[in-house]
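See structure below.
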Amino acid sequence: MKSPVVEQVSVAAGASPSGLEEDGSPGPSDRDLVARIQAGRDVDRSFSELYRRYSRATYAYFLHRLGDPAWAEDLNQELHLRLSRSINDYRGECSWKNFVFAIAWRVLAEARKQRWHRVANLSISIDEGSLLEDLKLECPLEDQAELMLWRRRLRGCMRKLDEVARAVIIEHYFNDVNLTRLTETLGLTNPSGARATLISALRKLRQCLTRGKFR
Amino acid sequence: MTSGEHFRVGDFVPTEEACGRYSPEDLVARIEGRLDGEQAARIDEHCSDCLICREFLEENALFDRLVRADAASPAEARLLRKASFPTPAPRPVRRSPRLRWSAGVAVALAAAAVGLAVFTTLRPPPARLPAPLEASIRAELESLPFLPPPDVRGSEPKDLWASAAAAWNSGNLGQALGFLEEVTAARPDDAGAWFYVGLCRLRLGQASAAVAPLRRATELEQPFPTGQTRWALAVALLRAGQLAESCDLLGSVEDGEGDAAERARRLRGSVCR
């Protein structure tokens with residue numbers, strides 16, 4: 001059985017499997033640019049062009065997943081540095097766009113691992129804090145099957161939150177860190193600080209849990 | 001929920017590069033259609049159950065849309081705007097005499113548009129919105145629930161919020177407004193309190209007075225004000241006769257997803273075109 005996600009992605013990939021290079025835009029394709037760099041021809045200009053094509057999207061992707069502009073910028077730099085180092089490993093089996101994405105995915109996973117490794121194995125009880133109460137959801141109490149589904153959905157929804165939102169939820173509800181402290185430690189600069197992040201995170205979680213999507 | 005529902009913090013945080021069965025490269029091969037039917041079917045079956053692989057596919061699709069940002073869906077375009085990453089300067093365009101003539105026309109049209117916008121902004125408030133539209137806005141305003149922010153437990157304005165909630169739920173909006181204004185006085189950076197002050201005034205028919213608190217709420221919610229707050233501000237502006245600004249705001253809300261975007265699309269379709 002084909003999962004809806006794969007189906008959706010396959011359709012997008014089918015429309016233009018190799019990203020920018022087949023969209024009819026003028027100029028050399030991504031593969032041409034990479035080939036030039038690998039052959040040592042016109043290296044600086046080709047690098048600049050590849051950076052121009054992808055750096056905005058990679059930054060937006062990191063920002064979306066992290067919710068922190070400074071961190072997103074750091075990871076974006078790390079990614080493009082890594083791409084420049086590993087460009088000779090690119091054999092053209094996949095599109096350059098997907099090669100970039102696979103490395104971005106790894107960079108993101110490593111950054112999260114580094115940030116969370118100390119507490120990753122910490123056990124938290126979901127009904128300890130007031131998260132459930134603030135989510136204002138009716139959770140099944142007796143039906144074990146429903147409960148299992150709900151737990152699984154919560155896990156998926158928490159993973160979909162950006163890093164800052166997730167950190168605010170975990171620290172506030174399960175580590176008793178107050179919002180003023182969180183605003184400082186996370187370096188939040190918006191006027192409402194962690195409170196705004198918390199409210200927005202709860203809204204997203206509620207939507208995800210009830211409708212399966214954000215926003 | 002029964003007690004003792006334990007999770008690892010790590011369950012909530014995607015730190016895995018791969019699930020152990022398929023690598024990112026395998027998944028990319030599947031996305032690009034480079035696998036035979038049997039291999040592809042195996043991955044598809046696996047993905048329906050594996051959170052990590054499913055996330056990889058979903059995020060790859062998001063990245064794909066971000067890369068194609070020029071023709072992207074409004075949600076991705078909005079994300080890129082939020083990213084506000086410096087983009088290369090546009091290429092210089094050599095002007096032909098025909099273009100210069102066109103530029104003159106464009107300047108005249110722009111001036112006319114500015115004049116129209118000024119006229120639209122300065123003209124007196126509309127006497128009344130069409131009755132069905134007004135009724136649907138009223139119903140939408142009334143459907144918004146009163147949800148005090150979650151961090152008020154144990155904090156100073158707790159009683160005020162509780163009193164406001166009781167008054168709101170019993171339909172006494174004037175009294176709720178009084179309590180909420182006290183909350184904004186005690187905590188002037190509380191976006192939620194400003195939002196409900198604005199909403200209260202809107203529901204009480206004080207549209208002009210609702211504009212300032214709703215504006216304050218959107219400022220406090222920066223950098224990502226919610227669609228709901230912006231929609232309510234757009235309604236206040238519309239009722240206060242500030243059609244141009246209201247329509248701009250509705251345009252930005254309808255770019256998103258969810259209920260607020262739906263409402264914004266309906267309202268904009270009725271009053272801005």
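Just so we're on the same page: first chain in the structure tokens is A, next is B, and so on; residues restart at 1 for each chain, and ligands are numbered from 1 in the order they show up.
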Show me, as an NGL selection string, the residues that have an atom within 12 Å of Asn98 in chain A when counting only C-alpha atoms, minus same-chain residues fewer than 3 positions from it. (:A and (13 or 16-20 or 30 or 54 or 58 or 90 or 92-95 or 101-105)) or (:B and (24-32 or 56-57 or 59-64 or 67))
Those residues with C-alpha atoms, as a tab-separated table (two decimals), in the first residue's frame please?
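So the final result, stored in part-v1.tsv, reads:
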chain	number	residue	atom	x	y	z
A	13	ALA	CA	9.20	14.63	-7.74
A	16	SER	CA	10.44	17.96	-11.85
A	17	PRO	CA	12.61	15.32	-10.27
A	18	SER	CA	15.81	17.27	-10.27
A	19	GLY	CA	14.61	20.54	-8.86
A	20	LEU	CA	15.73	23.80	-10.36
A	30	ASP	CA	22.77	22.40	-10.89
A	54	TYR	CA	19.66	27.14	-2.30
A	58	THR	CA	17.87	26.01	3.41
A	90	TYR	CA	28.30	13.93	-5.28
A	92	GLY	CA	24.89	12.70	-9.70
A	93	GLU	CA	22.74	9.73	-8.68
A	94	CYS	CA	20.18	12.01	-7.14
A	95	SER	CA	19.33	15.62	-7.85
A	101	PHE	CA	18.34	18.24	1.64
A	102	ALA	CA	19.85	14.95	2.85
A	103	ILE	CA	22.84	16.84	4.27
A	104	ALA	CA	20.59	19.53	5.79
A	105	TRP	CA	18.58	16.76	7.44
B	24	PRO	CA	18.13	9.18	3.68
B	25	GLU	CA	19.68	8.10	0.36
B	26	ASP	CA	17.21	5.18	0.08
B	27	LEU	CA	14.33	7.55	0.72
B	28	VAL	CA	15.63	10.05	-1.83
B	29	ALA	CA	15.85	7.22	-4.35
B	30	ARG	CA	12.21	6.41	-3.61
B	31	ILE	CA	11.18	10.06	-3.97
B	32	GLU	CA	12.94	10.34	-7.31
B	56	PHE	CA	11.93	12.78	6.14
B	57	LEU	CA	9.44	12.57	3.28
B	59	GLU	CA	10.19	17.66	5.16
B	60	ASN	CA	11.68	16.86	1.78
B	61	ALA	CA	8.38	17.92	0.25
B	62	LEU	CA	8.48	21.14	2.28
B	63	PHE	CA	12.05	21.80	1.16
B	64	ASP	CA	11.02	21.19	-2.42
B	67	VAL	CA	13.26	25.84	-3.29
Show me, as number ranges by chain, the residues that have an atom within 12 Å of Val177 in chain A when counting only C-alpha atoms, minus same-chain residues fewer than 3 positions from it. A: 129, 167-174, 180-186, 194; B: 151
Let's have the selection written as a compact mmCIF listing (two decimals), in the first residue's frame, with C-alpha atoms.
# COMPACT_ATOMS: atom_id res chain seq x y z
CA GLY A 129 2.27 19.01 34.80
CA ALA A 167 11.92 23.51 24.52
CA VAL A 168 9.41 25.93 26.08
CA ILE A 169 6.82 23.16 26.50
CA ILE A 170 9.24 20.62 27.96
CA GLU A 171 11.02 23.06 30.25
CA HIS A 172 7.87 24.80 31.42
CA TYR A 173 5.65 21.81 32.01
CA PHE A 174 8.12 19.11 32.97
CA THR A 180 10.82 34.73 32.50
CA ARG A 181 13.79 32.43 32.94
CA LEU A 182 12.99 30.65 29.68
CA THR A 183 12.82 33.98 27.85
CA GLU A 184 16.34 34.69 29.09
CA THR A 185 17.87 31.29 28.53
CA LEU A 186 16.41 30.92 25.05
CA ALA A 194 8.36 32.75 26.15
CA ASP B 151 0.69 30.59 32.47
At a cut-off of 10 Å, using only C-alpha atoms, what residues contact Leu161 in chain A? Leave out same-chain residues fewer than 6 positions from it and give the result as number ranges by chain. A: 64-67, 167, 169, 201-202, 204-205, 208, 214; B: 12-13
Shell of 12 Å around Ala196 in chain A, only C-alpha atoms, local chain residues under 6 positions omitted, as a PyMOL selection string: (chain A and resi 164-165+168-169+179-180+182-183+188-190+202-203) or (chain B and resi 149-151+189-193+217-226)
Mind pulling up the distance from CA of Leu180 in chain B to CA of Ala164 in chain B?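 Computing the Euclidean distance for CA of Ala164 in chain B and CA of Leu180 in chain B yields 6.2 Å.
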Hey, which of A:Arg118, A:Arg155, A:Arg91, A:Arg31 ends up closest to chain B? Count only C-alpha atoms.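 Ranking A:Arg118, A:Arg155, A:Arg91, A:Arg31 by distance to chain B, first place goes to A:Arg155.
Between CA of Glu16 in chain B and CA of Trp116 in chain A the separation is 11.8 Å.
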Residues within 12 Å of Gly171 in chain B, only C-alpha atoms, excluding chain neighbours under 4 positions, as a list in words: Glu142, Phe146, Ala164, Ala165, Ala166, Ala167, Gln175, Ala176, Leu177, Cys200, Arg203 and Leu204 of chain B
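In this model, the gap between CA of Ala72 in chain A and CA of Gly187 in chain A comes to 13.8 Å.
For the choices A:Glu146, A:Asp32, A:Asp176, A:Glu110, the atom-to-atom distance to chain B is smallest for A:Glu110 when using only C-alpha atoms.
Within 8 Å of range 75-87 of chain A there are Val34, Gln38, Phe47, Tyr51, Ser55, Thr58, Tyr59, Phe62, Val100, Ile103, Ala104, Val107 and Leu108 of chain A, counting only C-alpha atoms and ignoring same-chain residues fewer than 5 positions away.
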Let's have the selection written as a CSV table (one decimal), in the first residue's frame, with C-alpha atoms.
chain,number,residue,atom,x,y,z
A,34,VAL,CA,28.7,20.9,-9.7
A,38,GLN,CA,34.5,19.0,-9.6
A,47,PHE,CA,29.8,27.9,-5.9
A,51,TYR,CA,24.7,29.1,-2.9
A,55,SER,CA,20.8,29.2,0.7
A,58,THR,CA,17.9,26.0,3.4
A,59,TYR,CA,17.8,28.9,5.8
A,62,PHE,CA,16.2,25.6,9.4
A,100,VAL,CA,21.4,19.3,-0.3
A,103,ILE,CA,22.8,16.8,4.3
A,104,ALA,CA,20.6,19.5,5.8
A,107,VAL,CA,23.0,18.7,10.1
A,108,LEU,CA,19.7,19.3,11.8
Using DSSP on the backbone coordinates, identify all residues within chain A classified as helix (DSSP H, G or I); present the result as a PyMOL selection string. chain A and resi 4-15+19-22+30-38+43-66+69-89+96-116+131-135+144-160+163-174+179-185+193-211
Which residue out of B:Leu35, B:Ala236, B:Ile43, B:Ala244 has the minimum interatomic distance to chain A when only C-alpha atoms are used?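 So, comparing all the options, the nearest one is B:Ile43.
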So, with only C-alpha atoms as the atoms that count, which of A:Lys136, A:Leu198, A:Lys113, A:Ser130 lies closest to chain B?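 Comparing A:Lys136, A:Leu198, A:Lys113, A:Ser130 against chain B, the winner is A:Lys113.
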